[in-house]
$ cat query.csv   # CSV, C-alpha atoms
chain,number,residue,atom,x,y,z
F,1,MET,CA,0.0,0.0,0.0
F,2,LEU,CA,2.7,2.4,1.0
F,3,GLU,CA,4.6,1.6,-2.2
F,4,ILE,CA,1.6,2.6,-4.2
F,5,ILE,CA,1.2,5.9,-2.3
F,6,LYS,CA,4.8,6.7,-2.8
F,7,GLN,CA,4.6,6.6,-6.5
F,8,PRO,CA,3.5,9.8,-8.3
F,9,TRP,CA,-0.3,10.1,-8.1
F,10,PRO,CA,-2.3,10.2,-11.3
F,11,TRP,CA,-4.1,13.3,-12.4
F,12,TYR,CA,-7.6,12.0,-11.8
F,13,VAL,CA,-6.9,11.2,-8.1
F,14,ALA,CA,-5.3,14.6,-7.5
F,15,GLY,CA,-8.0,16.4,-9.5
F,16,ALA,CA,-10.9,14.7,-7.6
F,17,LEU,CA,-9.3,15.4,-4.2
F,18,ILE,CA,-8.7,19.1,-5.1
F,19,GLY,CA,-12.3,19.3,-6.5
F,20,LEU,CA,-13.7,17.9,-3.3
F,21,THR,CA,-12.1,20.9,-1.4
F,22,VAL,CA,-15.0,23.0,-2.8
F,23,PRO,CA,-17.9,21.1,-1.1
F,24,TYR,CA,-15.7,20.4,2.0
F,25,LEU,CA,-15.1,24.1,2.7
F,26,LEU,CA,-18.7,25.0,1.8
F,27,LEU,CA,-20.3,22.4,4.0
F,28,VAL,CA,-17.9,22.5,7.0
F,29,GLY,CA,-17.9,26.3,7.4
F,30,ASN,CA,-19.6,28.1,4.5
F,31,LYS,CA,-16.3,29.0,3.1
F,32,SER,CA,-15.5,29.6,-0.6
F,33,PHE,CA,-12.3,28.0,-1.8
F,34,GLY,CA,-9.5,30.5,-2.5
F,35,ILE,CA,-5.8,30.6,-1.6
F,36,SER,CA,-4.4,33.9,-2.8
F,37,SER,CA,-6.5,35.8,-0.3
F,38,SER,CA,-4.2,34.4,2.4
F,39,LEU,CA,-1.4,36.7,1.1
F,40,ARG,CA,-3.7,39.7,1.6
F,41,HIS,CA,-4.7,38.5,5.1
F,42,LEU,CA,-1.0,38.3,5.9
F,43,CYS,CA,-0.6,41.9,4.8
F,44,ALA,CA,-3.6,42.9,6.9
F,45,ALA,CA,-2.2,41.1,9.9
F,46,CYS,CA,1.4,42.2,9.7
F,47,ILE,CA,1.8,45.4,7.7
F,48,PRO,CA,-1.6,47.0,7.1
F,49,GLY,CA,0.0,50.5,7.2
F,50,ASN,CA,-2.6,53.2,6.5
F,51,ILE,CA,-3.9,51.3,3.4
F,52,LYS,CA,-7.7,50.9,3.2
F,53,PHE,CA,-7.3,47.7,1.4
F,54,PHE,CA,-5.6,46.1,4.4
F,55,ASN,CA,-7.6,47.6,7.2
F,56,TYR,CA,-10.2,45.1,8.0
F,57,ASP,CA,-10.6,42.4,10.6
F,58,TRP,CA,-8.4,39.7,9.2
F,59,LYS,CA,-9.2,37.4,12.1
F,60,LYS,CA,-12.6,36.8,10.5
F,61,GLU,CA,-10.6,35.1,7.6
F,62,ALA,CA,-8.2,33.3,9.9
F,63,TRP,CA,-9.5,30.0,8.6
F,64,ASN,CA,-7.7,30.7,5.3
F,65,LEU,CA,-4.4,31.0,7.1
F,66,PHE,CA,-5.0,27.7,9.0
F,67,PHE,CA,-5.8,26.2,5.6
F,68,VAL,CA,-2.6,27.3,3.9
F,69,GLY,CA,-0.6,26.4,7.0
F,70,GLY,CA,-2.0,22.9,6.6
F,71,ILE,CA,-0.8,22.9,2.9
F,72,ALA,CA,2.8,23.6,4.1
F,73,VAL,CA,2.6,20.8,6.7
F,74,GLY,CA,1.1,18.4,4.2
F,75,ALA,CA,3.8,19.2,1.7
F,76,LEU,CA,6.4,18.5,4.4
F,77,ILE,CA,4.8,15.1,5.0
F,78,GLY,CA,4.5,14.4,1.3
F,79,ALA,CA,8.2,15.3,0.7
F,80,GLN,CA,9.6,13.6,3.8
F,81,LEU,CA,7.6,10.5,4.4
F,82,LEU,CA,5.9,9.7,1.1
F,83,SER,CA,8.5,10.8,-1.4
F,84,ASP,CA,9.3,9.0,-4.6
F,85,PRO,CA,13.1,8.6,-5.0
F,86,ASN,CA,13.0,8.6,-8.8
F,87,PRO,CA,13.5,11.6,-11.0
F,88,ILE,CA,10.4,13.3,-12.3
F,89,VAL,CA,9.2,11.8,-15.6
F,90,LEU,CA,8.8,14.6,-18.1
F,91,ALA,CA,7.4,14.7,-21.6
F,92,PRO,CA,10.5,14.0,-23.8
F,93,SER,CA,9.9,17.2,-25.9
F,94,THR,CA,9.9,19.4,-22.7
F,95,GLN,CA,13.0,17.6,-21.4
F,96,GLU,CA,14.9,18.1,-24.7
F,97,TYR,CA,13.9,21.7,-24.9
F,98,LEU,CA,15.0,22.5,-21.3
F,99,ALA,CA,18.3,20.7,-21.9
F,100,THR,CA,19.1,23.1,-24.7
F,101,LYS,CA,18.7,25.9,-22.0
F,102,GLY,CA,21.0,24.0,-19.6
F,103,ILE,CA,18.2,22.7,-17.4
F,104,THR,CA,18.9,19.0,-16.9
F,105,ASP,CA,18.5,18.3,-13.2
F,106,THR,CA,15.2,16.6,-12.8
F,107,THR,CA,15.9,14.9,-9.6
F,108,GLN,CA,13.7,17.3,-7.6
F,109,LEU,CA,10.4,19.0,-8.3
F,110,LEU,CA,12.2,22.3,-9.0
F,111,PRO,CA,15.3,22.7,-11.2
F,112,ALA,CA,18.3,23.3,-8.9
F,113,GLU,CA,19.9,25.3,-11.8
F,114,ILE,CA,17.4,28.1,-11.2
F,115,PHE,CA,15.8,27.8,-7.7
F,116,SER,CA,18.7,27.7,-5.2
F,117,TRP,CA,20.3,30.1,-2.8
F,118,GLU,CA,23.4,30.2,-5.0
F,119,GLN,CA,21.3,31.4,-7.9
F,120,LEU,CA,19.4,34.0,-6.0
F,121,PHE,CA,21.9,36.9,-6.7
F,122,THR,CA,22.3,36.2,-10.3
F,123,VAL,CA,20.2,38.1,-12.9
F,124,ARG,CA,18.3,34.9,-13.8
F,125,GLY,CA,17.8,34.1,-10.1
F,126,LEU,CA,16.4,37.5,-9.4
F,127,ILE,CA,14.0,37.3,-12.2
F,128,PHE,CA,12.7,33.8,-11.4
F,129,ILE,CA,12.8,33.9,-7.6
F,130,VAL,CA,12.1,37.6,-6.9
F,131,LEU,CA,10.3,39.1,-9.9
F,132,GLY,CA,8.2,36.0,-10.5
F,133,GLY,CA,7.0,36.0,-6.9
F,134,PHE,CA,6.1,39.7,-7.1
F,135,LEU,CA,4.1,39.2,-10.3
F,136,VAL,CA,2.2,36.3,-8.7
F,137,GLY,CA,1.3,38.3,-5.6
F,138,PHE,CA,0.4,41.5,-7.5
F,139,GLY,CA,-1.4,39.7,-10.4
F,140,THR,CA,-3.6,37.4,-8.3
F,141,ARG,CA,-4.8,40.2,-6.1
F,142,TYR,CA,-5.5,42.5,-9.1
F,143,ALA,CA,-7.3,39.6,-10.8
F,144,GLY,CA,-9.3,39.0,-7.6
F,145,GLY,CA,-8.2,35.4,-7.2
F,146,CYS,CA,-5.8,32.7,-8.4
F,147,THR,CA,-6.1,29.2,-9.9
F,148,SER,CA,-8.0,28.0,-6.8
F,149,GLY,CA,-10.4,31.0,-6.4
F,150,HIS,CA,-11.1,31.6,-10.1
F,151,ALA,CA,-10.2,28.5,-12.1
F,152,ILE,CA,-11.6,26.0,-9.6
F,153,MET,CA,-14.1,27.7,-7.2
F,154,GLY,CA,-15.2,30.4,-9.8
F,155,LEU,CA,-15.7,27.9,-12.7
F,156,SER,CA,-17.4,25.4,-10.3
F,157,SER,CA,-20.0,28.0,-9.4
F,158,LEU,CA,-20.4,29.1,-13.0
F,159,GLN,CA,-19.1,32.7,-12.6
F,160,TRP,CA,-18.2,34.1,-15.9
F,161,PRO,CA,-15.7,36.7,-14.6
F,162,SER,CA,-13.7,33.7,-13.3
F,163,LEU,CA,-13.7,32.3,-16.8
F,164,VAL,CA,-12.3,35.6,-18.2
F,165,ALA,CA,-9.6,35.5,-15.5
F,166,THR,CA,-8.7,31.9,-16.1
F,167,ILE,CA,-8.3,32.5,-19.8
F,168,MET,CA,-6.0,35.5,-19.1
F,169,PHE,CA,-3.9,33.3,-16.7
F,170,MET,CA,-3.4,30.9,-19.6
F,171,ILE,CA,-2.6,33.6,-22.1
F,172,GLY,CA,-0.1,35.2,-19.7
F,173,GLY,CA,1.5,31.8,-19.1
F,174,ILE,CA,1.7,30.9,-22.8
F,175,VAL,CA,3.1,34.2,-23.8
F,176,MET,CA,5.7,34.0,-21.1
F,177,THR,CA,6.6,30.4,-21.9
F,178,ARG,CA,6.7,30.7,-25.6
F,179,TYR,CA,8.1,34.2,-26.2
F,180,ILE,CA,9.9,35.4,-23.1
F,181,LEU,CA,11.2,32.4,-21.2
F,182,PRO,CA,13.4,31.2,-24.1
F,183,PHE,CA,15.4,34.5,-23.5
F,184,LEU,CA,15.2,34.6,-19.7
F,185,LEU,CA,16.4,31.0,-19.4
F,186,THR,CA,19.6,31.9,-21.2
F,187,LEU,CA,20.5,34.8,-18.9
Q,1,MET,CA,-21.0,42.1,-4.6
Q,2,GLU,CA,-24.1,40.9,-2.8
Q,3,HIS,CA,-24.2,39.6,0.6
Q,4,THR,CA,-27.0,38.8,3.0
Q,5,PHE,CA,-26.8,39.2,6.7
Q,6,GLN,CA,-29.1,37.0,8.7
Q,7,HIS,CA,-29.3,39.6,11.4
Q,8,THR,CA,-29.3,43.4,11.3
Q,9,PRO,CA,-25.6,44.3,10.8
Q,10,THR,CA,-24.0,47.1,12.7
Q,11,ALA,CA,-22.3,50.0,10.7
Q,12,GLN,CA,-19.0,48.6,11.8
Q,13,GLU,CA,-19.7,45.2,10.4
Q,14,ILE,CA,-20.8,46.6,7.1
Q,15,SER,CA,-17.8,48.8,6.6
Q,16,ASP,CA,-15.5,45.9,7.6
Q,17,LEU,CA,-17.3,43.6,5.1
Q,18,LYS,CA,-17.0,46.2,2.4
Q,19,ALA,CA,-13.3,46.5,2.9
Q,20,ARG,CA,-12.8,42.7,2.8
Q,21,GLU,CA,-14.9,42.5,-0.4
Q,22,LEU,CA,-12.5,44.6,-2.4
Q,23,ASP,CA,-11.1,42.4,-5.1
Q,24,ALA,CA,-11.7,39.2,-3.2
Q,25,ILE,CA,-13.5,36.3,-4.8
Q,26,CYS,CA,-14.3,34.8,-1.4
Q,27,VAL,CA,-15.6,36.8,1.5
Q,28,ASN,CA,-16.7,34.5,4.1
Q,29,GLU,CA,-19.2,35.7,6.6
Q,30,SER,CA,-20.5,32.8,8.5
Q,31,GLU,CA,-22.9,34.0,11.2
Q,32,LEU,CA,-21.6,31.5,13.6
Q,33,LYS,CA,-19.1,32.2,16.3
Q,34,HIS,CA,-16.7,29.3,17.0
Q,35,PRO,CA,-13.7,29.0,19.3
Q,36,TRP,CA,-10.5,29.6,17.4
Q,37,TRP,CA,-9.4,25.9,17.4
Q,38,HIS,CA,-12.3,25.1,15.1
Q,39,ASN,CA,-10.1,26.4,12.4
Q,40,PHE,CA,-8.1,23.2,12.6
Q,41,LYS,CA,-10.7,21.5,10.5
Q,42,TYR,CA,-9.3,23.7,7.7
Q,43,SER,CA,-5.8,22.8,8.5
Q,44,ALA,CA,-6.7,19.1,8.3
Q,45,TRP,CA,-7.9,19.5,4.8
Q,46,GLY,CA,-4.9,21.7,4.0
Q,47,ILE,CA,-2.6,18.9,5.0
Q,48,LEU,CA,-4.3,16.5,2.6
Q,49,PHE,CA,-4.2,19.2,0.0
Q,50,GLY,CA,-0.4,19.7,0.6
Q,51,ILE,CA,0.2,15.9,0.2
Q,52,VAL,CA,-1.7,15.9,-3.0
Q,53,PHE,CA,0.3,18.9,-4.3
Q,54,VAL,CA,3.5,17.1,-3.7
Q,55,LYS,CA,2.5,13.6,-4.7
Q,56,ALA,CA,0.8,14.6,-8.0
Q,57,GLU,CA,3.8,16.9,-8.7
Q,58,ILE,CA,1.5,19.9,-9.0
Q,59,ILE,CA,4.1,22.1,-7.3
Q,60,SER,CA,6.7,21.1,-9.9
Q,61,TRP,CA,8.1,23.9,-12.1
Q,62,PHE,CA,8.6,21.2,-14.7
Q,63,ARG,CA,4.9,20.3,-14.8
Q,64,ILE,CA,3.9,23.9,-15.3
Q,65,GLN,CA,6.4,24.1,-18.2
Q,66,GLU,CA,4.8,21.1,-19.8
Q,67,MET,CA,1.4,22.5,-19.3
Q,68,PHE,CA,2.1,25.9,-21.0
Q,69,ARG,CA,4.0,24.1,-23.8
Q,70,PHE,CA,1.0,21.8,-24.3
Q,71,GLU,CA,3.3,18.8,-24.1
Q,72,SER,CA,1.6,16.9,-21.3
Q,73,PHE,CA,-2.0,16.3,-20.3
Q,74,HIS,CA,-1.2,16.0,-16.6
Q,75,MET,CA,-2.0,19.5,-15.3
Q,76,TYR,CA,-5.1,19.9,-17.6
Q,77,GLY,CA,-6.3,16.6,-16.2
Q,78,VAL,CA,-5.8,17.8,-12.6
Q,79,ILE,CA,-7.5,21.2,-13.1
Q,80,GLY,CA,-10.2,19.8,-15.4
Q,81,THR,CA,-11.2,17.0,-13.0
Q,82,ALA,CA,-11.1,19.4,-10.1
Q,83,VAL,CA,-13.5,21.8,-11.9
Q,84,VAL,CA,-15.9,18.9,-12.9
Q,85,VAL,CA,-16.0,17.5,-9.3
Q,86,GLY,CA,-16.4,21.1,-7.9
Q,87,LEU,CA,-19.2,21.9,-10.4
Q,88,ILE,CA,-21.1,18.7,-9.7
Q,89,SER,CA,-20.7,19.3,-5.9
Q,90,VAL,CA,-22.0,22.9,-6.2
Q,91,GLN,CA,-24.9,21.8,-8.3
Q,92,LEU,CA,-25.9,19.0,-5.9
Q,93,ILE,CA,-25.7,21.4,-2.9
Q,94,LYS,CA,-27.9,23.9,-4.7
Q,95,ARG,CA,-30.4,21.4,-6.1
Q,96,PHE,CA,-30.9,19.6,-2.8
Q,97,ASN,CA,-30.4,22.8,-0.7
Q,98,VAL,CA,-27.8,20.9,1.3
Q,99,LYS,CA,-27.0,22.8,4.6
Q,100,THR,CA,-23.6,23.1,6.3
Q,101,VAL,CA,-22.8,20.8,9.2
Q,102,HIS,CA,-24.0,23.6,11.4
Q,103,GLY,CA,-27.3,24.0,9.6
Q,104,GLU,CA,-26.6,27.2,7.7
Q,105,THR,CA,-27.7,27.7,4.1
Q,106,VAL,CA,-24.7,27.5,1.8
Q,107,HIS,CA,-23.8,30.9,0.4
Q,108,ILE,CA,-21.5,31.4,-2.6
Q,109,PRO,CA,-20.7,35.1,-3.1
Q,110,LYS,CA,-21.3,36.3,-6.6
Q,111,LYS,CA,-18.2,37.7,-8.4
Q,112,GLU,CA,-18.6,41.0,-10.2
Q,113,PHE,CA,-16.5,41.5,-13.3
Q,114,ASN,CA,-13.9,44.2,-13.4
Q,115,LYS,CA,-11.0,45.0,-15.7
Q,116,GLY,CA,-8.6,43.6,-13.0
Q,117,ASN,CA,-9.8,40.1,-14.0
Q,118,ILE,CA,-8.1,40.8,-17.4
Q,119,TYR,CA,-5.0,42.9,-16.5
Q,120,GLY,CA,-4.4,41.1,-13.2
Q,121,GLY,CA,-5.0,37.7,-14.8
Q,122,LEU,CA,-2.4,38.5,-17.4
Q,123,ILE,CA,0.2,39.6,-14.9
Q,124,PHE,CA,-0.4,36.5,-12.8
Q,125,GLY,CA,-0.1,34.3,-15.8
Q,126,LEU,CA,3.3,35.8,-16.7
Q,127,GLY,CA,4.4,35.2,-13.1
Q,128,TRP,CA,3.0,31.7,-13.0
Q,129,ALA,CA,5.0,30.6,-15.9
Q,130,ILE,CA,8.2,32.0,-14.4
Q,131,THR,CA,7.9,30.7,-10.9
Q,132,GLY,CA,6.0,27.5,-11.9
Q,133,ALA,CA,3.8,28.2,-8.9
Q,134,CYS,CA,0.5,29.8,-8.0
Q,135,PRO,CA,0.0,30.9,-4.4
Q,136,GLY,CA,-1.0,27.5,-3.1
Q,137,PRO,CA,2.1,25.7,-4.4
Q,138,LEU,CA,4.3,28.5,-3.0
Q,139,PHE,CA,3.2,27.4,0.5
Q,140,ALA,CA,3.8,23.8,-0.5
Q,141,GLN,CA,7.2,24.3,-2.0
Q,142,VAL,CA,8.4,26.0,1.2
Q,143,GLY,CA,6.9,23.2,3.2
Q,144,ALA,CA,8.5,20.6,1.0
Q,145,GLY,CA,11.9,22.1,1.9
Q,146,PHE,CA,12.7,24.4,-1.0
Q,147,GLY,CA,14.1,27.1,1.3
Q,148,VAL,CA,14.8,29.7,-1.4
Q,149,ILE,CA,11.1,29.8,-2.3
Q,150,MET,CA,10.7,31.7,1.0
Q,151,VAL,CA,12.1,34.6,-0.9
Q,152,THR,CA,9.6,34.1,-3.7
Q,153,PHE,CA,6.9,33.9,-1.1
Q,154,LEU,CA,7.9,37.1,0.6
Q,155,PHE,CA,7.9,38.9,-2.8
Q,156,ALA,CA,4.5,37.5,-3.5
Q,157,ILE,CA,3.3,39.2,-0.3
Q,158,ALA,CA,5.2,42.3,-1.3
Q,159,GLY,CA,3.3,42.2,-4.7
Q,160,THR,CA,0.0,41.9,-2.9
Q,161,TRP,CA,0.9,44.8,-0.6
Q,162,ILE,CA,2.0,47.1,-3.5
Q,163,TYR,CA,-1.2,46.3,-5.2
Q,164,GLY,CA,-3.1,47.4,-2.1
Q,165,LEU,CA,-1.0,50.6,-2.1
Q,166,VAL,CA,-1.7,51.6,-5.7
Q,167,ARG,CA,-5.1,50.0,-6.4
Q,168,GLU,CA,-7.0,53.2,-6.4
Q,169,ARG,CA,-4.9,54.4,-9.4
Q,170,LEU,CA,-5.3,51.2,-11.4
Q,171,PRO,CA,-8.1,50.6,-14.0
Q,172,HIS,CA,-10.8,48.4,-12.6

$ encode --input "query.csv" --output "structure tokens"
Amino acid sequence: MLEIIKQPWPWYVAGALIGLTVPYLLLVGNKSFGISSSLRHLCAACIPGNIKFFNYDWKKEAWNLFFVGGIAVGALIGAQLLSDPNPIVLAPSTQEYLATKGITDTTQLLPAEIFSWEQLFTVRGLIFIVLGGFLVGFGTRYAGGCTSGHAIMGLSSLQWPSLVATIMFMIGGIVMTRYILPFLLTL
Amino acid sequence: MEHTFQHTPTAQEISDLKARELDAICVNESELKHPWWHNFKYSAWGILFGIVFVKAEIISWFRIQEMFRFESFHMYGVIGTAVVVGLISVQLIKRFNVKTVHGETVHIPKKEFNKGNIYGGLIFGLGWAITGACPGPLFAQVGAGFGVIMVTFLFAIAGTWIYGLVRERLPH
């Protein structure tokens, strides 16, 4: 049993469990699934300043922080106790492409050639580690949600603004991957 | 954004709700008061969620590359299945008027469209392809032991904060 659990899980198992988050949160506490809001609650809790956007009673949304805290703990369990020792199996075409950019280390979930402390103070490291994070935090809040809030919760409840947002996520990602990353990866 | 109070709200409650509703898809206003440790039921599901994130390699930068290059079905399968399961669940809850475990009527806030869905969505998409992570996987990557992602995470918070600072001047 443990051997099976340690192998990479198929998409339909993961998708079903993630989808079940929607009814779980609704039925346990009348909560709508969304993760990026946690970043805002952290701002409201720690550095609200004099900004209206962060001056609200974040404790009313504390459940969200407990939820994301659980995600970090779950990831620790998954990585420490249930990890698969084999390298990640990539689509051959993706693997060949990344190799042309010098990304060949697939032993971990993130490429060590980019995401490591040694890389942080290189131009490429600053873009991938610092600028990337900034765009994620700024963009999700401006969009009013991320993959969970819009693509999963929003589409599940048939909200068309979430469909617009999800399409824009994909366009942004495709433009970056196709036209900008080929350059950024060579920095 | 519409919201219904089941009791007559005070002015303070309304202004607080209005502030939280700004650019949020999920404002959660259960009428019930629970002790703080009730929040661990969300942590419990979060733990399961985090394990799924790692075991299905959803937090992998490589999987996001495959997705945006249309070279693997994996992430489309994950997100697609999640939407279908979520959609069926929401429909069943509405159709049969399923109540929460505490007997409340399930309330899903309606999302109003604004131009931020377009501009913000595009900005997030650009960042998603660079970092290979949306906000959830950021928490999971840090938890899984990728220490340098703490920096990415801090800058995601900084991005959110700067948005709050300049939001009045942005098109919505």

$ residues_around --input "query.csv" --residues "Phe124 of chain Q" --least-positions-apart "3" --cutoff "12 Å" --atoms "all atoms listed in the file" --output "PyMOL selection string"
(chain F and resi 36+131-147+165-176) or (chain Q and resi 116-121+127-135+156+159-160)

$ write_last_selection --input "query.csv" --atoms "C-alpha atoms" --output "PDB file, in the frame of the given file"
ATOM      1  CA  SER F  36      -4.400  33.900  -2.800  1.00  0.00           C
ATOM      2  CA  LEU F 131      10.300  39.100  -9.900  1.00  0.00           C
ATOM      3  CA  GLY F 132       8.200  36.000 -10.500  1.00  0.00           C
ATOM      4  CA  GLY F 133       7.000  36.000  -6.900  1.00  0.00           C
ATOM      5  CA  PHE F 134       6.100  39.700  -7.100  1.00  0.00           C
ATOM      6  CA  LEU F 135       4.100  39.200 -10.300  1.00  0.00           C
ATOM      7  CA  VAL F 136       2.200  36.300  -8.700  1.00  0.00           C
ATOM      8  CA  GLY F 137       1.300  38.300  -5.600  1.00  0.00           C
ATOM      9  CA  PHE F 138       0.400  41.500  -7.500  1.00  0.00           C
ATOM     10  CA  GLY F 139      -1.400  39.700 -10.400  1.00  0.00           C
ATOM     11  CA  THR F 140      -3.600  37.400  -8.300  1.00  0.00           C
ATOM     12  CA  ARG F 141      -4.800  40.200  -6.100  1.00  0.00           C
ATOM     13  CA  TYR F 142      -5.500  42.500  -9.100  1.00  0.00           C
ATOM     14  CA  ALA F 143      -7.300  39.600 -10.800  1.00  0.00           C
ATOM     15  CA  GLY F 144      -9.300  39.000  -7.600  1.00  0.00           C
ATOM     16  CA  GLY F 145      -8.200  35.400  -7.200  1.00  0.00           C
ATOM     17  CA  CYS F 146      -5.800  32.700  -8.400  1.00  0.00           C
ATOM     18  CA  THR F 147      -6.100  29.200  -9.900  1.00  0.00           C
ATOM     19  CA  ALA F 165      -9.600  35.500 -15.500  1.00  0.00           C
ATOM     20  CA  THR F 166      -8.700  31.900 -16.100  1.00  0.00           C
ATOM     21  CA  ILE F 167      -8.300  32.500 -19.800  1.00  0.00           C
ATOM     22  CA  MET F 168      -6.000  35.500 -19.100  1.00  0.00           C
ATOM     23  CA  PHE F 169      -3.900  33.300 -16.700  1.00  0.00           C
ATOM     24  CA  MET F 170      -3.400  30.900 -19.600  1.00  0.00           C
ATOM     25  CA  ILE F 171      -2.600  33.600 -22.100  1.00  0.00           C
ATOM     26  CA  GLY F 172      -0.100  35.200 -19.700  1.00  0.00           C
ATOM     27  CA  GLY F 173       1.500  31.800 -19.100  1.00  0.00           C
ATOM     28  CA  ILE F 174       1.700  30.900 -22.800  1.00  0.00           C
ATOM     29  CA  VAL F 175       3.100  34.200 -23.800  1.00  0.00           C
ATOM     30  CA  MET F 176       5.700  34.000 -21.100  1.00  0.00           C
TER      31      MET F 176
ATOM     32  CA  GLY Q 116      -8.600  43.600 -13.000  1.00  0.00           C
ATOM     33  CA  ASN Q 117      -9.800  40.100 -14.000  1.00  0.00           C
ATOM     34  CA  ILE Q 118      -8.100  40.800 -17.400  1.00  0.00           C
ATOM     35  CA  TYR Q 119      -5.000  42.900 -16.500  1.00  0.00           C
ATOM     36  CA  GLY Q 120      -4.400  41.100 -13.200  1.00  0.00           C
ATOM     37  CA  GLY Q 121      -5.000  37.700 -14.800  1.00  0.00           C
ATOM     38  CA  GLY Q 127       4.400  35.200 -13.100  1.00  0.00           C
ATOM     39  CA  TRP Q 128       3.000  31.700 -13.000  1.00  0.00           C
ATOM     40  CA  ALA Q 129       5.000  30.600 -15.900  1.00  0.00           C
ATOM     41  CA  ILE Q 130       8.200  32.000 -14.400  1.00  0.00           C
ATOM     42  CA  THR Q 131       7.900  30.700 -10.900  1.00  0.00           C
ATOM     43  CA  GLY Q 132       6.000  27.500 -11.900  1.00  0.00           C
ATOM     44  CA  ALA Q 133       3.800  28.200  -8.900  1.00  0.00           C
ATOM     45  CA  CYS Q 134       0.500  29.800  -8.000  1.00  0.00           C
ATOM     46  CA  PRO Q 135       0.000  30.900  -4.400  1.00  0.00           C
ATOM     47  CA  ALA Q 156       4.500  37.500  -3.500  1.00  0.00           C
ATOM     48  CA  GLY Q 159       3.300  42.200  -4.700  1.00  0.00           C
ATOM     49  CA  THR Q 160       0.000  41.900  -2.900  1.00  0.00           C
TER      50      THR Q 160
END

$ closest_residue --input "query.csv" --among "Q:Ala11, Q:Ile51, Q:Ile93, Q:Val166" --to "chain F" --atoms "only C-alpha atoms"
Q:Ile51

$ atom_distance --input "query.csv" --atom1 "atom CA of His150 of chain F" --atom2 "atom CA of Pro48 of chain F"
25.0 Å

$ atom_distance --input "query.csv" --atom1 "atom CA of Trp63 of chain F" --atom2 "atom CA of Asn39 of chain Q"
5.3 Å

$ atom_distance --input "query.csv" --atom1 "atom CA of Leu22 of chain Q" --atom2 "atom CA of Thr100 of chain Q"
25.7 Å

$ residues_near_point --input "query.csv" --point "(-2.9, 53.7, 1.1)" --cutoff "10 Å" --atoms "only C-alpha atoms" --output "mmCIF file with C-alpha atoms, keeping the file's coordinate frame"
data_model
loop_
_atom_site.group_PDB
_atom_site.id
_atom_site.type_symbol
_atom_site.label_atom_id
_atom_site.label_comp_id
_atom_site.auth_asym_id
_atom_site.auth_seq_id
_atom_site.Cartn_x
_atom_site.Cartn_y
_atom_site.Cartn_z
ATOM 1 C CA PRO F 48 -1.600 47.000 7.100
ATOM 2 C CA GLY F 49 0.000 50.500 7.200
ATOM 3 C CA ASN F 50 -2.600 53.200 6.500
ATOM 4 C CA ILE F 51 -3.900 51.300 3.400
ATOM 5 C CA LYS F 52 -7.700 50.900 3.200
ATOM 6 C CA PHE F 53 -7.300 47.700 1.400
ATOM 7 C CA PHE F 54 -5.600 46.100 4.400
ATOM 8 C CA ASN F 55 -7.600 47.600 7.200
ATOM 9 C CA TRP Q 161 0.900 44.800 -0.600
ATOM 10 C CA ILE Q 162 2.000 47.100 -3.500
ATOM 11 C CA TYR Q 163 -1.200 46.300 -5.200
ATOM 12 C CA GLY Q 164 -3.100 47.400 -2.100
ATOM 13 C CA LEU Q 165 -1.000 50.600 -2.100
ATOM 14 C CA VAL Q 166 -1.700 51.600 -5.700
ATOM 15 C CA ARG Q 167 -5.100 50.000 -6.400
ATOM 16 C CA GLU Q 168 -7.000 53.200 -6.400
#

$ residues_around --input "query.csv" --residues "Gly34 of chain F" --least-positions-apart "5" --cutoff "12 Å" --atoms "all atoms listed in the file" --output "NGL selection string"
(:F and (18 or 21-22 or 25-26 or 39-40 or 61 or 63-65 or 67-68 or 140-141 or 144-154)) or (:Q and (24-28 or 46 or 134-136))

$ closest_residue --input "query.csv" --among "F:Tyr179, F:Trp11, F:Trp160, F:Tyr97" --to "chain Q" --atoms "all atoms listed in the file"
F:Trp11

$ residues_around --input "query.csv" --residues "segment 139-152 of chain Q" --least-positions-apart "2" --cutoff "6 Å" --atoms "only C-alpha atoms" --output "PyMOL selection string"
(chain F and resi 71-72+75-76+79+116-117+129-130+133) or (chain Q and resi 50+136-137+154-155)

$ residues_around --input "query.csv" --residues "Tyr24 of chain F" --least-positions-apart "5" --cutoff "10 Å" --atoms "all atoms listed in the file" --output "ChimeraX atom specification"
/F:19,29-33 /Q:41-42,45,86,89,100

$ residues_around --input "query.csv" --residues "Thr100 of chain F" --least-positions-apart "4" --cutoff "12 Å" --atoms "all atoms listed in the file" --output "ChimeraX atom specification"
/F:93-96,104,182,185-186

$ axis_aligned_box --input "query.csv" --around "segment 108-118 of chain Q" --padding-each-side "4 Å" --output "lines of an AutoDock Vina configuration file"
center_x = -14.8
center_y = 38.2
center_z = -10.0
size_x = 21.4
size_y = 21.6
size_z = 22.8

$ closest_residue --input "query.csv" --among "F:Ile103, F:Ala16, F:Glu3, F:Ala45" --to "chain Q" --atoms "only C-alpha atoms"
F:Ala16

$ closest_residue --input "query.csv" --among "F:Ile4, F:Leu27, F:Ala99, F:Leu42" --to "chain Q" --atoms "all atoms listed in the file"
F:Leu27

$ closest_residue --input "query.csv" --among "Q:Trp37, Q:Phe49, Q:Phe96, Q:Phe70" --to "chain F" --atoms "all atoms listed in the file"
Q:Phe49
